[in-house]
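J.: Provided herewith: start.pdb, PDB, C-alpha atoms.
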```pdb
ATOM      1  CA  MET A  12      -6.726  16.204  -8.902
ATOM      2  CA  ALA A  13      -5.927  12.660 -10.063
ATOM      3  CA  ASN A  14      -5.134  13.876 -13.577
ATOM      4  CA  LEU A  15      -2.824  16.550 -12.177
ATOM      5  CA  ILE A  16      -0.919  13.848 -10.291
ATOM      6  CA  THR A  17      -0.533  11.873 -13.526
ATOM      7  CA  ILE A  18       0.853  14.932 -15.325
ATOM      8  CA  GLY A  19       3.062  15.808 -12.342
ATOM      9  CA  ARG A  20       4.624  12.356 -12.215
ATOM     10  CA  LEU A  21       5.607  12.687 -15.880
ATOM     11  CA  GLY A  22       7.362  15.961 -15.140
ATOM     12  CA  LEU A  23       9.113  14.349 -12.183
ATOM     13  CA  LEU A  24      10.127  11.426 -14.394
ATOM     14  CA  PHE A  25      11.936  13.618 -16.920
ATOM     15  CA  VAL A  26      13.695  15.582 -14.191
ATOM     16  CA  THR A  27      14.797  12.261 -12.691
ATOM     17  CA  ILE A  28      16.136  10.996 -16.016
ATOM     18  CA  GLY A  29      18.103  14.208 -16.470
ATOM     19  CA  LEU A  30      19.677  13.842 -13.031
ATOM     20  CA  ILE A  31      20.536  10.178 -13.666
ATOM     21  CA  TYR A  32      22.564  11.297 -16.685
ATOM     22  CA  THR A  33      24.658  13.593 -14.502
ATOM     23  CA  ARG A  34      26.362  10.367 -13.368
ATOM     24  CA  SER A  35      26.832  11.921  -9.943
ATOM     25  CA  PHE A  36      26.795   9.101  -7.400
ATOM     26  CA  PRO A  37      24.855  10.962  -4.653
ATOM     27  CA  LEU A  38      22.284  12.326  -7.120
ATOM     28  CA  VAL A  39      21.719   9.018  -8.901
ATOM     29  CA  ALA A  40      21.376   7.209  -5.569
ATOM     30  CA  ILE A  41      18.693   9.717  -4.545
ATOM     31  CA  MET A  42      16.970   9.243  -7.908
ATOM     32  CA  ALA A  43      16.359   5.593  -7.001
ATOM     33  CA  ILE A  44      14.106   6.892  -4.233
ATOM     34  CA  VAL A  45      12.453   9.377  -6.579
ATOM     35  CA  ILE A  46      11.698   6.552  -9.043
ATOM     36  CA  ALA A  47       9.863   4.798  -6.217
ATOM     37  CA  ILE A  48       7.843   7.983  -5.634
ATOM     38  CA  VAL A  49       6.955   8.124  -9.345
ATOM     39  CA  PHE A  50       5.471   4.627  -9.152
ATOM     40  CA  LEU A  51       3.746   5.186  -5.822
ATOM     41  CA  SER A  52       2.076   8.269  -7.288
ATOM     42  CA  ASP A  53       0.562   6.036  -9.976
ATOM     43  CA  ALA A  54      -1.348   4.173  -7.273
ATOM     44  CA  LEU A  55      -2.207   7.459  -5.562
ATOM     45  CA  ASP A  56      -3.961   9.024  -8.554
ATOM     46  CA  GLY A  57      -6.235   5.997  -8.939
ATOM     47  CA  PHE A  58      -7.040   5.992  -5.229
ATOM     48  CA  ILE A  59      -7.886   9.696  -5.251
ATOM     49  CA  ALA A  60     -10.058   9.339  -8.359
ATOM     50  CA  ARG A  61     -12.074   6.537  -6.734
ATOM     51  CA  ARG A  62     -12.255   8.341  -3.382
ATOM     52  CA  GLN A  63     -13.533  11.557  -4.973
ATOM     53  CA  GLY A  64     -15.804   9.728  -7.392
ATOM     54  CA  SER A  65     -14.047  11.457 -10.277
ATOM     55  CA  THR A  66     -13.155   8.432 -12.382
ATOM     56  CA  SER A  67     -13.673   9.010 -16.102
ATOM     57  CA  GLU A  68     -12.809   7.585 -19.492
ATOM     58  CA  PHE A  69     -10.405  10.475 -20.065
ATOM     59  CA  GLY A  70      -8.713   9.830 -16.720
ATOM     60  CA  ALA A  71      -8.332   6.133 -17.493
ATOM     61  CA  VAL A  72      -6.846   6.846 -20.928
ATOM     62  CA  LEU A  73      -4.515   9.510 -19.491
ATOM     63  CA  ASP A  74      -3.371   7.110 -16.787
ATOM     64  CA  ILE A  75      -2.585   4.399 -19.343
ATOM     65  CA  ALA A  76      -0.747   6.911 -21.554
ATOM     66  CA  GLY A  77       1.247   8.095 -18.535
ATOM     67  CA  ASP A  78       2.183   4.529 -17.660
ATOM     68  CA  ARG A  79       3.361   3.952 -21.227
ATOM     69  CA  VAL A  80       5.561   7.053 -21.177
ATOM     70  CA  VAL A  81       7.101   6.118 -17.813
ATOM     71  CA  GLU A  82       7.916   2.510 -18.617
ATOM     72  CA  ASN A  83       9.065   3.085 -22.211
ATOM     73  CA  ALA A  84      11.257   6.035 -21.239
ATOM     74  CA  LEU A  85      12.923   4.135 -18.404
ATOM     75  CA  TRP A  86      13.530   0.956 -20.421
ATOM     76  CA  ILE A  87      15.120   3.072 -23.169
ATOM     77  CA  VAL A  88      17.275   4.931 -20.630
ATOM     78  CA  PHE A  89      18.569   1.789 -18.961
ATOM     79  CA  ALA A  90      19.232   0.131 -22.318
ATOM     80  CA  HIS A  91      21.185   3.244 -23.369
ATOM     81  CA  LEU A  92      23.142   3.137 -20.107
ATOM     82  CA  GLY A  93      24.063  -0.490 -20.841
ATOM     83  CA  LEU A  94      22.262  -2.108 -17.912
ATOM     84  CA  ILE A  95      19.935  -4.158 -20.104
ATOM     85  CA  GLY A  96      19.789  -5.136 -23.774
ATOM     86  CA  ILE A  97      18.008  -3.032 -26.378
ATOM     87  CA  TRP A  98      15.589  -5.939 -26.793
ATOM     88  CA  ALA A  99      13.825  -4.923 -23.562
ATOM     89  CA  PRO A 100      12.506  -1.516 -24.700
ATOM     90  CA  LEU A 101      11.787  -2.939 -28.167
ATOM     91  CA  LEU A 102       9.699  -5.708 -26.573
ATOM     92  CA  VAL A 103       7.811  -3.310 -24.323
ATOM     93  CA  MET A 104       7.202  -0.791 -27.095
ATOM     94  CA  THR A 105       5.980  -3.443 -29.549
ATOM     95  CA  ARG A 106       3.598  -4.860 -26.973
ATOM     96  CA  GLY A 107       2.366  -1.379 -26.125
ATOM     97  CA  PHE A 108       1.715  -0.410 -29.750
ATOM     98  CA  PHE A 109      -0.298  -3.563 -30.464
ATOM     99  CA  VAL A 110      -2.290  -3.508 -27.231
ATOM    100  CA  ASP A 111      -3.078   0.206 -27.393
ATOM    101  CA  THR A 112      -4.129  -0.072 -31.037
ATOM    102  CA  MET A 113      -6.518  -2.886 -30.184
ATOM    103  CA  ARG A 114      -7.800  -0.940 -27.189
ATOM    104  CA  GLY A 115      -8.421   1.979 -29.522
ATOM    105  CA  VAL A 116     -10.762  -0.263 -31.499
ATOM    106  CA  GLY A 117     -12.544  -1.105 -28.259
ATOM    107  CA  TYR A 118     -12.883   2.557 -27.298
ATOM    108  CA  ALA A 119     -14.455   3.245 -30.699
ATOM    109  CA  LYS A 120     -17.064   0.603 -29.872
ATOM    110  CA  GLY A 121     -17.888   2.221 -26.540
ATOM    111  CA  LYS A 122     -15.839  -0.058 -24.327
ATOM    112  CA  SER A 123     -13.269   0.881 -21.681
ATOM    113  CA  ALA A 124      -9.982  -0.566 -20.475
ATOM    114  CA  PHE A 125     -11.265  -1.073 -16.927
ATOM    115  CA  GLY A 126     -14.520  -0.997 -15.015
ATOM    116  CA  ASP A 127     -17.960  -2.452 -15.710
ATOM    117  CA  ASN A 128     -17.662  -1.938 -19.462
ATOM    118  CA  ALA A 129     -14.158  -3.374 -19.715
ATOM    119  CA  MET A 130     -12.966  -4.978 -22.928
ATOM    120  CA  ALA A 131     -12.025  -8.207 -21.136
ATOM    121  CA  ARG A 132     -14.091 -11.082 -22.509
ATOM    122  CA  THR A 133     -12.961 -13.861 -20.187
ATOM    123  CA  PRO A 134     -12.311 -14.113 -16.418
ATOM    124  CA  ILE A 135      -8.588 -14.712 -16.972
ATOM    125  CA  THR A 136      -8.304 -11.636 -19.206
ATOM    126  CA  HIS A 137     -10.122  -9.573 -16.596
ATOM    127  CA  PHE A 138      -7.872 -10.904 -13.832
ATOM    128  CA  LEU A 139      -4.640 -10.285 -15.739
ATOM    129  CA  THR A 140      -5.490  -6.840 -17.090
ATOM    130  CA  ALA A 141      -8.225  -5.253 -14.989
ATOM    131  CA  SER A 142      -8.166  -6.709 -11.478
ATOM    132  CA  ARG A 143      -6.827  -4.419  -8.778
ATOM    133  CA  PHE A 144      -4.550  -7.175  -7.483
ATOM    134  CA  MET A 145      -2.795  -7.781 -10.802
ATOM    135  CA  ARG A 146      -2.555  -4.088 -11.644
ATOM    136  CA  ALA A 147      -1.000  -3.428  -8.218
ATOM    137  CA  PHE A 148       1.341  -6.425  -8.491
ATOM    138  CA  TYR A 149       2.465  -5.454 -11.978
ATOM    139  CA  GLY A 150       3.012  -1.853 -10.949
ATOM    140  CA  ALA A 151       5.021  -2.959  -7.915
ATOM    141  CA  ALA A 152       7.160  -5.312 -10.038
ATOM    142  CA  LYS A 153       7.989  -2.518 -12.489
ATOM    143  CA  GLY A 154       8.654  -0.066  -9.696
ATOM    144  CA  ILE A 155      11.048  -2.417  -7.901
ATOM    145  CA  ALA A 156      12.780  -3.264 -11.184
ATOM    146  CA  PHE A 157      13.418   0.382 -12.056
ATOM    147  CA  VAL A 158      14.488   1.294  -8.529
ATOM    148  CA  PHE A 159      16.948  -1.605  -8.649
ATOM    149  CA  LEU A 160      18.355  -0.583 -12.037
ATOM    150  CA  THR A 161      18.773   3.008 -10.874
ATOM    151  CA  ALA A 162      20.455   1.900  -7.655
ATOM    152  CA  LEU A 163      22.697  -0.519  -9.567
ATOM    153  CA  PHE A 164      23.770   2.232 -11.967
ATOM    154  CA  ALA A 165      24.607   4.436  -8.972
ATOM    155  CA  ALA A 166      26.547   1.617  -7.276
ATOM    156  CA  ARG A 167      28.728   1.095 -10.359
ATOM    157  CA  LEU A 168      29.691   4.737 -10.804
ATOM    158  CA  PRO A 169      33.369   5.527 -10.089
ATOM    159  CA  ASP A 170      32.502   7.689  -7.060
ATOM    160  CA  ALA A 171      30.623   4.781  -5.477
ATOM    161  CA  HIS A 172      33.618   2.430  -5.518
ATOM    162  CA  GLY A 173      34.394   1.109  -2.042
ATOM    163  CA  THR A 174      31.259   2.534  -0.397
ATOM    164  CA  LEU A 175      28.839   0.537   1.737
ATOM    165  CA  TYR A 176      26.095   1.468  -0.717
ATOM    166  CA  ALA A 177      27.933  -0.200  -3.593
ATOM    167  CA  SER A 178      28.748  -3.316  -1.596
ATOM    168  CA  VAL A 179      25.092  -3.767  -0.601
ATOM    169  CA  ILE A 180      23.515  -3.050  -4.002
ATOM    170  CA  ASP A 181      26.126  -5.099  -5.910
ATOM    171  CA  SER A 182      25.916  -8.065  -3.522
ATOM    172  CA  TRP A 183      24.663 -11.359  -4.917
ATOM    173  CA  PRO A 184      21.400 -11.510  -2.857
ATOM    174  CA  MET A 185      20.427  -8.034  -4.073
ATOM    175  CA  LEU A 186      21.452  -8.834  -7.644
ATOM    176  CA  VAL A 187      19.447 -12.066  -7.692
ATOM    177  CA  PHE A 188      16.354 -10.340  -6.302
ATOM    178  CA  GLY A 189      16.739  -7.268  -8.483
ATOM    179  CA  TRP A 190      17.286  -9.072 -11.762
ATOM    180  CA  PHE A 191      14.433 -11.440 -10.943
ATOM    181  CA  MET A 192      12.106  -8.445 -10.636
ATOM    182  CA  VAL A 193      13.440  -6.956 -13.877
ATOM    183  CA  TYR A 194      12.726 -10.085 -15.891
ATOM    184  CA  ALA A 195       9.488 -10.787 -14.024
ATOM    185  CA  SER A 196       8.177  -7.339 -14.962
ATOM    186  CA  LEU A 197       9.124  -7.920 -18.607
ATOM    187  CA  ALA A 198       7.436 -11.323 -18.566
ATOM    188  CA  LEU A 199       4.283  -9.834 -17.034
ATOM    189  CA  THR A 200       4.280  -7.166 -19.738
ATOM    190  CA  VAL A 201       3.917  -9.897 -22.360
ATOM    191  CA  ILE A 202       1.618 -12.129 -20.309
ATOM    192  CA  ARG A 203      -0.832  -9.286 -19.666
ATOM    193  CA  GLY A 204      -0.786  -8.200 -23.291
ATOM    194  CA  VAL A 205      -1.510 -11.554 -24.952
ATOM    195  CA  PRO A 206      -5.134 -11.984 -23.715
ATOM    196  CA  VAL A 207      -5.962  -8.406 -24.758
ATOM    197  CA  LEU A 208      -4.829  -9.201 -28.293
ATOM    198  CA  ILE A 209      -6.708 -12.515 -28.337
ATOM    199  CA  ASP A 210      -9.949 -10.865 -27.180
ATOM    200  CA  ALA A 211      -9.523  -8.058 -29.704
ATOM    201  CA  VAL A 212      -9.039 -10.522 -32.564
ATOM    202  CA  LYS A 213     -12.214 -12.351 -31.502
ATOM    203  CA  ASP A 214     -14.135  -9.069 -31.432
ATOM    204  CA  LEU A 215     -12.910  -8.113 -34.892
ATOM    205  CA  SER A 216     -13.733 -11.583 -36.254
ATOM    206  CA  GLU A 217     -17.276 -11.387 -34.875
ATOM    207  CA  ASP A 218     -17.748  -7.916 -36.343
ATOM    208  CA  ALA A 219     -16.548  -9.151 -39.727
ATOM    209  CA  LYS A 220     -19.034 -12.046 -39.644
ATOM    210  CA  GLN A 221     -21.890  -9.722 -38.729
ATOM    211  CA  GLN A 222     -21.067  -7.450 -41.666
ATOM    212  CA  GLN A 223     -21.125 -10.309 -44.154
TER
END
```
Taking this structure as input, can you express it in the form of structure tokens?
T.:
Amino acid sequence: MANLITIGRLGLLFVTIGLIYTRSFPLVAIMAIVIAIVFLSDALDGFIARRQGSTSEFGAVLDIAGDRVVENALWIVFAHLGLIGIWAPLLVMTRGFFVDTMRGVGYAKGKSAFGDNAMARTPITHFLTASRFMRAFYGAAKGIAFVFLTALFAARLPDAHGTLYASVIDSWPMLVFGWFMVYASLALTVIRGVPVLIDAVKDLSEDAKQQQ
């Protein structure tokens, strides 16, 4: 069931992206809500897996892959729409490639991304990458950031000019909060990736010494 939710949210994501590109103010405004549903479903699949006792290595890997598709696709879309610089998706993609490659080495050694056999070597790495609090906080930050960017794109469409929706979304309190969440989510992307890379380098160095 949890894996079906992960696959379903990817399908919903691509439908949402297609509707955003219609540049229809009512549709794009609704898509901001759908983006929120996409991110809430990410928390739902994990909850269901734990509740049903159906957690697995495949499910964990599929969930991570789904997260990568969602965040990379949306950063690329919003960079293409001119809401944020191209540096944002390049940063996220570079971080993802390095971290996932290093995690692949860990999987080959019988380790997992989360759980009792997690790759985290230190308490801070575990807290930043594997703790439920940080995973939930990071997911919420990304979700709010993408909902904001979708809503902002809708508010700046020609059909939205003069509407209450546009005046609220494009107001300075909303802009300050929204852009803070955008850059906070990007910062967390890097902050959570660095300890994974450090731990992976230590693992590889120890393996190299043992082989000598």
J.: I need the output of the PyMOL selection byres ((chain A and resi 151-154) around 6) for this file as a list of chain:residue names; which residues are they?
T.: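 This file, filtered by the PyMOL selection byres ((chain A and resi 151-154) around 6), leaves A:Phe50, A:Phe148, A:Tyr149, A:Gly150, A:Ile155, A:Ala156, A:Phe157, A:Met192, A:Ser196.
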J.: When you look at A:Ile135 with a cut-off of 12 Å (counting only C-alpha atoms), what residues show up, excluding the ones that are within fewer than 4 positions of it in the same chain? I need them as a PyMOL selection string.
T.: chain A and resi 131+139-142+145+202-207+209-210
J.: Which residue gives the smallest distance to A:Val201 among A:Gly189, A:Pro184, A:Gly107, A:Gly96, with all atoms listed in the file counted?
T.: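 Residue with the minimum atom-to-atom distance to A:Val201: A:Gly107.
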J.: Smallest atom-to-atom distance to A:Asp74: which of A:Ile16, A:Ile180, A:Ala166, A:Leu199, using all atoms listed in the file?
T.: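 Among the listed residues, the smallest separation from A:Asp74 belongs to A:Ile16.
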J.: Separation of atom CA of A:Asn83 and atom CA of A:Arg34, in Å?
T.: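 For atom CA of A:Asn83 relative to atom CA of A:Arg34, the distance reads 20.7 Å.
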J.: May I ask which of the residues A:Val45, A:Ala54, A:Ile18, A:Leu30 is the closest one to A:Phe144, counting only C-alpha atoms?
T.: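 Of A:Val45, A:Ala54, A:Ile18, A:Leu30, the one nearest A:Phe144 is A:Ala54, counting only C-alpha atoms.
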J.: Can you spell out as a ChimeraX atom specification the set of residues that the PyMOL selection byres ((chain A and resi 162) around 9) selects in the structure I just provided?
T.: /A:39-44,157-161,163-167,176-177,180
